[in-house]
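Student: I have a structure I would like to understand better, so I am pasting it below and will then ask my questions one at a time.
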Amino acid sequence: MLTKFETKSNRVKGLSFHSRRPWILASLHSGVIQLWDYRMGTLIDRFDEHDGPVRGVHFHKSQPLFVSGGDDYKINVWNYKMRRCLFTLLGHLDYIRTVQFHQEYPWIVSASDDQTIRIWNWQSRTCISVLTGHNHYVMCASFHPKEDLVVSASLDQTVRVWDIGALRKKTVAPAEDILRLTQMNTDLFGGGDAVVKYVLEGHDRGVNWAAFHPTLPLIVSGADDRQVKLWRMNDTKAWEVDTLRGHVNNVSCVLFHARQDIIVSNSEDKSIRVWDMSKRTGVQTFRREHDRFWILASHPEMNLLAGGHDSGMIVFKLERERPPYTTHGDTLYYIKDRYIRTYDFGAGRDNPLISIRRPGTTGMNQGPRSLYYNPAENAILICSDIDGGTYELYVIPKGGETQEPKRGIGSSAVFVARNRFAVLDKNHNQILIKNLKNEVTKKCSAPIPTTDLIFFAGTGNLLCRSEDRIMLFDLQQRNVLGEIQTPLIKYTIWSADFENVALLSKHAIIIASKKLAHRCTLHETIRVKSGAWDENGVFIYTTLNHVKYCLPSGDNGIIKTLDVPVYITKVSGSSVFCLDRDGKNQIIKIDATEYKFKLALMHRNFDQVLQMIKSSQLYGQSIIAYLEHKGFPDIALHFVKDESTRFNLAVESGNIAVAVASAKELDEKNVWYRLGVEALRQGNHEIVEYAYQKTKNFERLSFLYLITGNLEKLSKMLKIAELRSDVMGAFHNALYLGDIQERVKILEESGHFPLAYVTAAVHGLTDVADRLAQVLGDNIPPLPEKAGLLGPPAPILHDGNWPLLMVSKNLFEGALADAGAPIPEEEDIAVGTWCDDVEIPEVTAQNGDVLIEEDGVKVGDDEEVGWDMEDLELPVDAGHAETESIVSEFVAPPPGISTSQSWVQRSSLAAEHAAAGSFDTAMRLLGRQLGIRNFTPLRSSFLELFMASHAFLPAAASLPIVPFALERGWTESSSSNARGSPALIYTLLSLEEKLKVAYRLTTEGKFTEALRLFLSVLQTIPLVVVDTRKEVDEVKELIGITKEYVLALRIELKRKEVRDDMVRQQELAAYFTHCNLQSTHLRLSLQSAMAVSFKAKNFNTTSSFCRRLLDLNPPAQVASKARQVLSACEKTPQDEMQLNYDFRNPFVVCGATLTPIYRGNKDVSCPYCMARFIPDIAGNICSICDLAVVGEDASGILCSPTQVR
C-alpha cells in the first residue's frame, strides 16, 4: 500500500471521490461532512447540517453537487460551489445507509433501515420509486454503471438485483405510462417500475455490502459471516462463483478495482485485503493497529482507493505507477508490460528489447522499481521489492539468444564501473562490489549504519541515502567526499556534465554540486514526480499537476499545467519528452522564454536579454516584479506602460528623465514630492526646484535657494510670501537673505514691537530703534550684552547641479529608446534650460483680487499668471544640446539589499527575522509554526535580539549614526561578500544555565522566583536557534521540562492560596505529584501531599503517596517516616473527604482549571508547549506559556537551519 493522504477525525462512515478534481468527501459519525483536497492535503470545506451520523455521501459526475444521507432520516443535496444545502428529500422512516447519483439520469438511490430502497428525481425533488422486498435493514444500494439495474444488500442475508428498465422508459417517455400508480400507492406498496430480478442467497449472516463490476456481469458481496462472495449473472439467472475467506470479523465493504482484476475488501478486523479475481486468493493484507474499517471508495478514473476507519480515513494506491526508466544519449530504456523497451528520441521509434517475465511472482507492488544502463557492456540492472529487495542483471544480446539474467538479493544495485556494479546489503550494512558474472570482488562497510538506498554518482562513487542525509562515498578510498542534510530522497538526477545533481524527495528538490555543496532548495506543497536537466543547466521538473523550472540560483516558476502526472525523461529545446503512467512516450511543447530570460539575466548576458525583449511577448506583473526584486528596475522600465509603475521604477533606478515625464502625466502631489526627494539625492537642483514649484512648497523652495546660494531667487520668494500675507514665510526669507531692515519691518507690522526694537538696536539701525522706543515708552526691553550679526553665509560660487561622471548610455537605453522617456519638448524641464528668474505664482491679495508682481508692478487677474516659461531667450539648438547632456549623465545606482533584508529573505527562523528588525514577519512565522497570538511577553526579547545583532557607530557631528549588522560564524577566511546569519544572544546553553538556577530555587522552596525563571525559559525558546538535529531534540525536550514545572509550580502556588479549603488543598497537592518532575522534586511533592492528606485523615489516599515515595528510594530518614505513616494508614484504610482524584486512573492536569482530565476524556492542547486543557478552553491563550492559542493548528517549532534544508 502506498499511502497518499491520511486524516485524523471522528469515525468515517461514507467516502466519495470527485471524478475530475483531486477532492474526496468524508462523512463522519459526528454528523459533519468534510471536503478534502487529497493532493494538497488540506481541508477545503465542512458541511454541518445533519443531526447525527452521516453514513452515505456521493459526488455527482458532472454537476457541482453531492448528496448525503444520515441518521436523521434526511437526504440532503448540496451545491459545493454555493457551499450550502439546496434541498432535503424526506420519505425514509429510519437511518439512511447509502446514497448514490445515477451516471446518466437525474436520480438518486438510497438504502435505509426502514427495509426499503428509494429512487428519487433530484430535479423534480420527488420520490419516483420505492423498492420493497427486504425484511431487514438495507445496508447498501447502488446503480449499475451502464445497465438498468440496482444491487442491494441487507441484513436479511440476501443480495438483491433489481431491474429498473420500466422506470427508465417512463422517465424517457412519461406520456406512454398511462397506468401509473398514484403517489400514495407508490409510497405504501412500491411501484411496478422496479422489480426484483435475482435474489442471491448464500451468506450465513447479514450482508453489509454488494457492488457491481464496472464492465463484467459480476457482483461481489461482503457480510457478517466474515466472507466475501463472488457472483456471476446472465439474462436469466445469477449464481455464486466462489467464496473468499480470510477476514476474522464482519466484512464492512467490498468492491472491484476499476482498472485491475482484483477485489478490495475491508473489515472490522482492522484490515484491508486485496484478492486476485482470477486465482480467488488473497494477494495482500494491510492492517491498522487500533482502527476498524467501515467503508471503501475507488476513484472512477485513477488508480486511487480510500478507506474510512474509526479515527479518520486514508487515500492510497495498491502499487507504484511510475515506470522504471533511464536515459543514455538519445535513447530511453524503460519497462512496460514486463518488457525492457527502448525509445529513440530523434526518430521517435519504440522497440521491445528483452522480456523480463518472471515465473511465480505474486503479490502487489512487487514490480521493478529502478533501472540502470551500462553502455560499455550493454547491460541493464533492474531492482525490485520482491523478497525484501532483489536485483536482476541483463546483458542485451547482439543478435544472439537472450541469456538468463543474473539475480541476487539486495535492496538496491547500481553500476559503478564498466564491468562492476554495487549492491547494498542492508542486513549487514555492507556494500558489495560484483562483476558482471555476479561474483563478489570486494566488500566495504556503508558510510553510515542507517544507509537504506544507494544511487549512481559517477565512476567509483555512490550516493548513500539515510533518513535525513545523503553522502557521496568513494568506493576505492572508502571515505566520504561530501555530505548534505536532506529529507528522505527518492530519486537523483545528474546534469549532463556531472557538475550538478538534483535530489528529489516527496515535497522538496535540493540542487547540489558534484561534491554535494548545497546550491538551493525548493519546497513544493504538491508531490514532486520527476525531472531532467536541459542544455542550459536549468532543471525542469514535474509535480502532480505542473511542469516547472529551477534556475541554478534557486529561482523557479511554472511552465505548464498538466492534466495527468507524467515523468520527464529528457528536455531538448522547447520539447519535453516524458512517459505517462501507462508507459506511453509523449512529447510536450513548452515555452522556455521566461526561464531563458531569467538565466540570461543571472549570467548578465545582456545581449541575449535585449534580443528576447525585442522578439518576445514578455509582459506581466511577475516579470516586472522579478526584475525589480533582482535589482534591474532599469530593465523592468522597458516592460511597463502604466505611468504609475513607470514612475516607481524610474525613481528606483535613478532615471530622472523618465521620472519627470511620468510625473507630468500623473501630476499628483505625492509623485512630485518623491521626484524632488530623488532629484535632491542626485544633486539635480533644477529638477528639485521644478518639483517644489509644482507642489507650491514655498518653504522647501526657499531653503533650496539658501543652500544653493541663489540669493536672487530667494529675494523673489520674499516678495511671494508678502503677497501671500505669509508672515512667517516672509520672516524666514528675510532671515535667509540677511535683510535686517526687512526683518524689522515684518516684526513691526505684525505687532512685535519689542522684538523689532531689539533687532534694530542690536544691528545699529538707530533711527528705527529711536522711533520704536517712543512707541514702547517705558516698556523698552534690555539689550543682550553679547549681541552679534545673524546672517547667512555668503555664497562663494553659485553653480548648477552637482558634477557627475559622464558615461555613455547603457545597452538598454540605447537599444530601447522608444520604450524609455520621451525626448523633452519645449515645455519639459531639462538641466540648464530653466529661467534664471523665479516666476511668481498666482497669489491672492487680501481683498480677493489675483495679483502678481513683475518688477515691482502689480497686475490684475485678467493677465496670464503662473510659472511662465515662454520669456526665455535661448539659442535654437540649446534645448537639444542640453537634452543630450541629460541622457549622457551618470545615473546613480540603486542601493543594494541591506544585510537585515537579506536575513529576512534567506531565513524561515522567527529569531532571525526579529534580529533583522522585521517583527511583523517574525510574529507571522511564530503564529504559523507555534500558534502564538499573544506577543506581549516577547516584546522585550524581540528588542533585545534586534539591538544585539546591530552595532551603532558615531559619525561626524552633522551626520547620522552608522548602523552595522553583526553576523555569527564569521571567520577571517570568510568572504567579504558572503552573507551570514544574524548574531543572536539567546542560546541553548544560556537557557540550560537558567534552568539549573530554577531547579535550585525549586529545591529551596522559592516557588514564585522559580516560576518566573521557568516561564522566562519557556517564553525564550521560540527565539532560540541551534545548529544540529540533536540540539533540536534538546530544545523540544526543554519545552516539555519547563511546561511541566510551570504547571507544577502554578498548582503549588494555588494550593498555598486556598489554605481554608482542605478538599481543594488536598486535590492540588495530589495533582502536584503527577507532574513530570525531577526525582528530588517529585520526592518533596510526595512528602508534602502525604502530610496534607494525613492531617485531613484521608488515609487511603495518604497510603498511595507513601508507597510512591518509597518506590523512589528516598533517604533513610524520609523512608522511615513514610513507613510509619503507611503503617498508621493501613489500620484505617478509608478517606474522610471525597476528592476529585483517582490515583488508579491515569490523568493529566488541565492547565487552566487545574483539574484532572482522565484517560478517555476529550481534551485540547496548546500547539507550542503541548499543555492539556478541557475542550471549553479552546480558543483562549494558553495559561501555561501565555503565548499560544489553545487548540490552534500549527506546523511545529522551527529552530534550526537543518530543519529547513
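In the C-alpha cells, chains take the letters A, B, ... in the order shown, each chain's residues start at 1, and ligands count up from 1 in the order shown.
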Considering only C-alpha atoms, return as a PyMOL selection string whatever protein or nucleic-acid residues lie within 10 Å of range 1047-1057 of chain A, sequence-local ones (same chain, fewer than 6 positions apart) excluded.
Tutor: chain A and resi 1002+1006-1008+1010-1012+1014-1015+1064-1077+1085+1149-1155+1171+1183-1185
Student: So which residues touch range 724-733 of chain A within 10 Å, counting only C-alpha atoms, skipping near sequence neighbours fewer than 4 positions away, as an MDAnalysis selection string?
Tutor: chainID A and resid 698:699 702:703 705:706 711 714:720 737:739 742:747 749:750 842:846 851
Student: Could you tell me, as a PyMOL selection string, which residues of range 1019-1186 of chain A DSSP assigns to strand (DSSP E or B) when given the backbone?
Tutor: chain A and resi 1098+1135+1147-1149+1156-1158+1164-1165+1172-1173+1181
Student: Take the residues just selected and output them with N, CA and C atoms as a PDB file, in the first residue's frame.
Tutor:
```pdb
ATOM      1  N   ASN A1098      -7.398  11.504  55.374  1.00  0.00           N
ATOM      2  CA  ASN A1098      -7.667  10.755  54.150  1.00  0.00           C
ATOM      3  C   ASN A1098      -6.591   9.686  54.027  1.00  0.00           C
ATOM      4  N   ASP A1135     -11.044   7.215  53.581  1.00  0.00           N
ATOM      5  CA  ASP A1135     -10.887   8.663  53.439  1.00  0.00           C
ATOM      6  C   ASP A1135     -12.052   9.377  54.083  1.00  0.00           C
ATOM      7  N   PHE A1147      -4.207  10.261  34.383  1.00  0.00           N
ATOM      8  CA  PHE A1147      -4.784  11.545  34.003  1.00  0.00           C
ATOM      9  C   PHE A1147      -3.687  12.566  33.765  1.00  0.00           C
ATOM     10  N   VAL A1148      -4.090  13.663  33.123  1.00  0.00           N
ATOM     11  CA  VAL A1148      -3.243  14.859  33.014  1.00  0.00           C
ATOM     12  C   VAL A1148      -4.015  16.004  33.648  1.00  0.00           C
ATOM     13  N   VAL A1149      -3.299  17.053  34.036  1.00  0.00           N
ATOM     14  CA  VAL A1149      -3.931  18.173  34.732  1.00  0.00           C
ATOM     15  C   VAL A1149      -4.221  19.277  33.723  1.00  0.00           C
ATOM     16  N   PRO A1156      -8.222  17.343  36.974  1.00  0.00           N
ATOM     17  CA  PRO A1156      -7.722  16.210  36.186  1.00  0.00           C
ATOM     18  C   PRO A1156      -8.562  15.958  34.936  1.00  0.00           C
ATOM     19  N   ILE A1157      -7.873  15.549  33.858  1.00  0.00           N
ATOM     20  CA  ILE A1157      -8.532  15.078  32.637  1.00  0.00           C
ATOM     21  C   ILE A1157      -8.150  13.603  32.511  1.00  0.00           C
ATOM     22  N   TYR A1158      -9.070  12.725  32.859  1.00  0.00           N
ATOM     23  CA  TYR A1158      -8.759  11.305  32.903  1.00  0.00           C
ATOM     24  C   TYR A1158      -8.689  10.716  31.507  1.00  0.00           C
ATOM     25  N   VAL A1164      -8.018  19.314  24.657  1.00  0.00           N
ATOM     26  CA  VAL A1164      -7.326  20.082  23.620  1.00  0.00           C
ATOM     27  C   VAL A1164      -5.969  20.469  24.177  1.00  0.00           C
ATOM     28  N   SER A1165      -5.057  20.803  23.287  1.00  0.00           N
ATOM     29  CA  SER A1165      -3.703  21.086  23.755  1.00  0.00           C
ATOM     30  C   SER A1165      -3.199  22.389  23.164  1.00  0.00           C
ATOM     31  N   ARG A1172      -2.185  20.449  28.309  1.00  0.00           N
ATOM     32  CA  ARG A1172      -3.514  19.909  28.004  1.00  0.00           C
ATOM     33  C   ARG A1172      -4.589  20.697  28.752  1.00  0.00           C
ATOM     34  N   PHE A1173      -5.778  20.810  28.115  1.00  0.00           N
ATOM     35  CA  PHE A1173      -6.872  21.592  28.669  1.00  0.00           C
ATOM     36  C   PHE A1173      -8.189  20.894  28.365  1.00  0.00           C
ATOM     37  N   ILE A1181      -5.957  31.976  25.225  1.00  0.00           N
ATOM     38  CA  ILE A1181      -4.500  31.957  25.352  1.00  0.00           C
ATOM     39  C   ILE A1181      -4.098  30.931  26.400  1.00  0.00           C
TER      40      ILE A1181
END
```
Student: For each of A:Phe293, A:Phe286, A:Tyr692, A:Tyr986, take the minimum atom-to-atom distance to Phe946 in chain A, counting only C-alpha atoms, then give the residue where this is smallest.
Tutor: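 Comparing A:Phe293, A:Phe286, A:Tyr692, A:Tyr986 against Phe946 in chain A, the winner is A:Tyr986.
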Student: Calculate how many Å separate CA of Lys529 in chain A from CA of Thr542 in chain A, rounding to one decimal.
Tutor: 5.6 Å
Student: Looking only at the backbone, which of the residues in range 976-1147 of chain A does DSSP tag as alpha helix (DSSP H), as JSON, numbers by chain?
Tutor: {"A": [988, 989, 990, 991, 992, 993, 994, 995, 996, 997, 998, 999, 1000, 1001, 1002, 1003, 1007, 1008, 1009, 1010, 1011, 1012, 1013, 1014, 1015, 1016, 1017, 1018, 1019, 1020, 1029, 1030, 1031, 1032, 1033, 1034, 1035, 1036, 1037, 1038, 1039, 1040, 1041, 1042, 1043, 1044, 1045, 1046, 1047, 1048, 1049, 1050, 1051, 1052, 1053, 1054, 1055, 1056, 1057, 1062, 1063, 1064, 1065, 1066, 1067, 1068, 1069, 1070, 1071, 1072, 1079, 1080, 1081, 1082, 1083, 1084, 1085, 1086, 1087, 1088, 1089, 1090, 1091, 1092, 1093, 1094, 1095, 1099, 1100, 1101, 1102, 1103, 1104, 1105, 1106, 1107, 1108, 1109, 1110, 1111, 1116, 1117, 1118, 1119, 1120, 1121, 1122, 1123, 1124, 1125, 1126, 1127, 1128, 1129, 1130, 1131]}
Student: Let me make sure I understand: among A:Gln1138, A:Arg1159, A:Val1118, A:Leu90, which one has the smallest atom-to-atom distance to Asn1100 in chain A if we use only C-alpha atoms?
Tutor: A:Gln1138
Student: Contacts of Gly91 in chain A at 12 Å or less, counting only C-alpha atoms, minus same-chain residues fewer than 4 places along, as a ChimeraX atom specification?
Tutor: /A:69,72-75,95-96,110-112,114,116-120,125-130,183-184,186-188
Student: Show me, as CSV, the residues of range 307-426 of chain A having an atom within 12 Å of range 20-38 of chain A, each with the closest atom pair and its distance in Å, using only C-alpha atoms.
Tutor:
```
residue,atom,partner,partner_atom,distance
A:Gly307,CA,A:Ala26,CA,9.9
A:Gly308,CA,A:Ala26,CA,8.0
A:His309,CA,A:Leu28,CA,10.0
A:Asp310,CA,A:His29,CA,9.2
A:Ser311,CA,A:Leu28,CA,9.8
A:Gly312,CA,A:Leu28,CA,8.5
A:Met313,CA,A:Ala26,CA,7.9
A:Ile314,CA,A:Tyr38,CA,9.5
A:Val315,CA,A:Tyr38,CA,7.5
A:Phe316,CA,A:Tyr38,CA,10.1
```
Student: Quick one: everything within 12 Å of Tyr549 in chain A, counting only C-alpha atoms, minus sequence neighbours fewer than 5 positions away in the same chain. Send it as a ChimeraX atom specification.
Tutor: /A:509,522,530-534,536-543,554-560,571,576,590-596,598-599
Student: Write out as a PyMOL selection string each polymer residue whose atoms come within 8 Å of Glu524 in chain A, counting only C-alpha atoms; drop sequence neighbours fewer than 2 positions from it.
Tutor: chain A and resi 507-508+522+526-528
Student: Find the residue from A:Ser572, A:Asn1161, A:Thr390, A:Thr450 that sits nearest to Gly346 in chain A; use only C-alpha atoms when measuring.
Tutor: A:Ser572
Student: Could you pull the residues within 10 Å of Pro781 in chain A, counting only C-alpha atoms, minus those fewer than 3 positions along the same chain, as a list of chain:residue names?
Tutor: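 Within the cut-off, the hits are A:Phe753, A:Pro754, A:Leu755, A:Tyr757, A:Val758, A:Ala773, A:Leu776, A:Asp778, A:Pro784.
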Student: Write to file, as an mmCIF file, in the first residue's frame, the residues of the selection just made, with N, CA and C atoms.
Tutor:
```
data_model
loop_
_atom_site.group_PDB
_atom_site.id
_atom_site.type_symbol
_atom_site.label_atom_id
_atom_site.label_comp_id
_atom_site.auth_asym_id
_atom_site.auth_seq_id
_atom_site.Cartn_x
_atom_site.Cartn_y
_atom_site.Cartn_z
ATOM 1 N N PHE A 753 6.615 94.773 18.631
ATOM 2 C CA PHE A 753 7.465 95.965 18.772
ATOM 3 C C PHE A 753 8.714 95.708 19.602
ATOM 4 N N PRO A 754 8.626 94.954 20.734
ATOM 5 C CA PRO A 754 9.884 94.715 21.492
ATOM 6 C C PRO A 754 10.932 93.977 20.647
ATOM 7 N N LEU A 755 10.508 92.960 19.895
ATOM 8 C CA LEU A 755 11.453 92.223 19.061
ATOM 9 C C LEU A 755 11.996 93.100 17.940
ATOM 10 N N TYR A 757 12.344 96.358 18.073
ATOM 11 C CA TYR A 757 13.284 97.312 18.692
ATOM 12 C C TYR A 757 14.639 96.653 18.939
ATOM 13 N N VAL A 758 14.617 95.436 19.548
ATOM 14 C CA VAL A 758 15.871 94.743 19.855
ATOM 15 C C VAL A 758 16.644 94.457 18.566
ATOM 16 N N ALA A 773 11.370 103.078 20.176
ATOM 17 C CA ALA A 773 11.460 103.349 21.619
ATOM 18 C C ALA A 773 10.353 104.291 22.055
ATOM 19 N N LEU A 776 7.218 102.263 22.387
ATOM 20 C CA LEU A 776 7.201 101.368 23.553
ATOM 21 C C LEU A 776 7.093 102.139 24.868
ATOM 22 N N ASP A 778 7.773 103.204 28.364
ATOM 23 C CA ASP A 778 8.521 102.652 29.499
ATOM 24 C C ASP A 778 8.782 101.149 29.355
ATOM 25 N N PRO A 784 20.641 92.522 24.782
ATOM 26 C CA PRO A 784 21.614 91.493 25.183
ATOM 27 C C PRO A 784 23.032 92.059 25.155
#
```
Student: For CA of Glu912 in chain A and CA of Ile489 in chain A, quote the distance in Å rounded to one decimal.
Tutor: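 CA of Glu912 in chain A sits 28.1 Å away from CA of Ile489 in chain A.
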Student: Need the shell around Ile382 in chain A: protein/DNA/RNA residues with any atom at most 9 Å away, counting only C-alpha atoms. Skip same-chain ones fewer than 4 positions apart. Format as a VMD selection string?
Tutor: chain A and resid 324 368 to 372 390 to 394 412 to 414
Student: Please produce an output containing N, CA, C and O atoms for each residue in the selection, written as a PDB file, in the first residue's frame.
Tutor:
```
ATOM      1  N   PRO A 324       9.814   2.275 -14.405  1.00  0.00           N
ATOM      2  CA  PRO A 324      11.269   2.430 -14.261  1.00  0.00           C
ATOM      3  C   PRO A 324      11.892   2.816 -15.602  1.00  0.00           C
ATOM      4  O   PRO A 324      11.541   2.256 -16.637  1.00  0.00           O
ATOM      5  N   PRO A 368       9.296  -3.984 -11.000  1.00  0.00           N
ATOM      6  CA  PRO A 368      10.590  -3.283 -10.993  1.00  0.00           C
ATOM      7  C   PRO A 368      10.449  -1.861 -10.456  1.00  0.00           C
ATOM      8  O   PRO A 368       9.482  -1.157 -10.764  1.00  0.00           O
ATOM      9  N   ARG A 369      11.415  -1.454  -9.651  1.00  0.00           N
ATOM     10  CA  ARG A 369      11.404  -0.129  -9.042  1.00  0.00           C
ATOM     11  C   ARG A 369      12.362   0.836  -9.734  1.00  0.00           C
ATOM     12  O   ARG A 369      12.077   2.011  -9.897  1.00  0.00           O
ATOM     13  N   SER A 370      13.538   0.339 -10.139  1.00  0.00           N
ATOM     14  CA  SER A 370      14.530   1.212 -10.777  1.00  0.00           C
ATOM     15  C   SER A 370      15.279   0.440 -11.850  1.00  0.00           C
ATOM     16  O   SER A 370      15.298  -0.800 -11.854  1.00  0.00           O
ATOM     17  N   LEU A 371      15.896   1.202 -12.752  1.00  0.00           N
ATOM     18  CA  LEU A 371      16.595   0.608 -13.886  1.00  0.00           C
ATOM     19  C   LEU A 371      17.861   1.418 -14.162  1.00  0.00           C
ATOM     20  O   LEU A 371      17.818   2.658 -14.158  1.00  0.00           O
ATOM     21  N   TYR A 372      18.988   0.729 -14.367  1.00  0.00           N
ATOM     22  CA  TYR A 372      20.265   1.377 -14.697  1.00  0.00           C
ATOM     23  C   TYR A 372      20.851   0.712 -15.941  1.00  0.00           C
ATOM     24  O   TYR A 372      20.752  -0.504 -16.109  1.00  0.00           O
ATOM     25  N   THR A 390      15.428  -7.319  -4.436  1.00  0.00           N
ATOM     26  CA  THR A 390      16.243  -8.166  -5.305  1.00  0.00           C
ATOM     27  C   THR A 390      16.660  -7.357  -6.528  1.00  0.00           C
ATOM     28  O   THR A 390      16.080  -6.303  -6.813  1.00  0.00           O
ATOM     29  N   TYR A 391      17.668  -7.885  -7.226  1.00  0.00           N
ATOM     30  CA  TYR A 391      18.098  -7.255  -8.467  1.00  0.00           C
ATOM     31  C   TYR A 391      18.256  -8.322  -9.543  1.00  0.00           C
ATOM     32  O   TYR A 391      18.424  -9.509  -9.248  1.00  0.00           O
ATOM     33  N   GLU A 392      18.184  -7.874 -10.798  1.00  0.00           N
ATOM     34  CA  GLU A 392      18.402  -8.746 -11.945  1.00  0.00           C
ATOM     35  C   GLU A 392      19.349  -8.043 -12.902  1.00  0.00           C
ATOM     36  O   GLU A 392      19.179  -6.851 -13.185  1.00  0.00           O
ATOM     37  N   LEU A 393      20.347  -8.781 -13.392  1.00  0.00           N
ATOM     38  CA  LEU A 393      21.329  -8.245 -14.326  1.00  0.00           C
ATOM     39  C   LEU A 393      21.098  -8.874 -15.702  1.00  0.00           C
ATOM     40  O   LEU A 393      21.209 -10.090 -15.863  1.00  0.00           O
ATOM     41  N   TYR A 394      20.749  -8.038 -16.676  1.00  0.00           N
ATOM     42  CA  TYR A 394      20.520  -8.494 -18.042  1.00  0.00           C
ATOM     43  C   TYR A 394      21.640  -7.971 -18.935  1.00  0.00           C
ATOM     44  O   TYR A 394      21.984  -6.785 -18.871  1.00  0.00           O
ATOM     45  N   SER A 412      19.204  -2.392  -3.202  1.00  0.00           N
ATOM     46  CA  SER A 412      19.394  -1.602  -4.420  1.00  0.00           C
ATOM     47  C   SER A 412      20.734  -1.970  -5.038  1.00  0.00           C
ATOM     48  O   SER A 412      21.652  -2.429  -4.352  1.00  0.00           O
ATOM     49  N   ALA A 413      20.846  -1.758  -6.351  1.00  0.00           N
ATOM     50  CA  ALA A 413      22.074  -2.087  -7.082  1.00  0.00           C
ATOM     51  C   ALA A 413      22.269  -1.066  -8.181  1.00  0.00           C
ATOM     52  O   ALA A 413      21.306  -0.685  -8.861  1.00  0.00           O
ATOM     53  N   VAL A 414      23.530  -0.588  -8.367  1.00  0.00           N
ATOM     54  CA  VAL A 414      23.847   0.387  -9.409  1.00  0.00           C
ATOM     55  C   VAL A 414      25.216   0.055 -10.002  1.00  0.00           C
ATOM     56  O   VAL A 414      26.076  -0.531  -9.324  1.00  0.00           O
TER      57      VAL A 414
END
```
Student: Find the distance between CA of Asn10 in chain A and CA of Asp291 in chain A and write it in Å to one decimal.
Tutor: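 Going from CA of Asn10 in chain A over to CA of Asp291 in chain A covers 11.1 Å.
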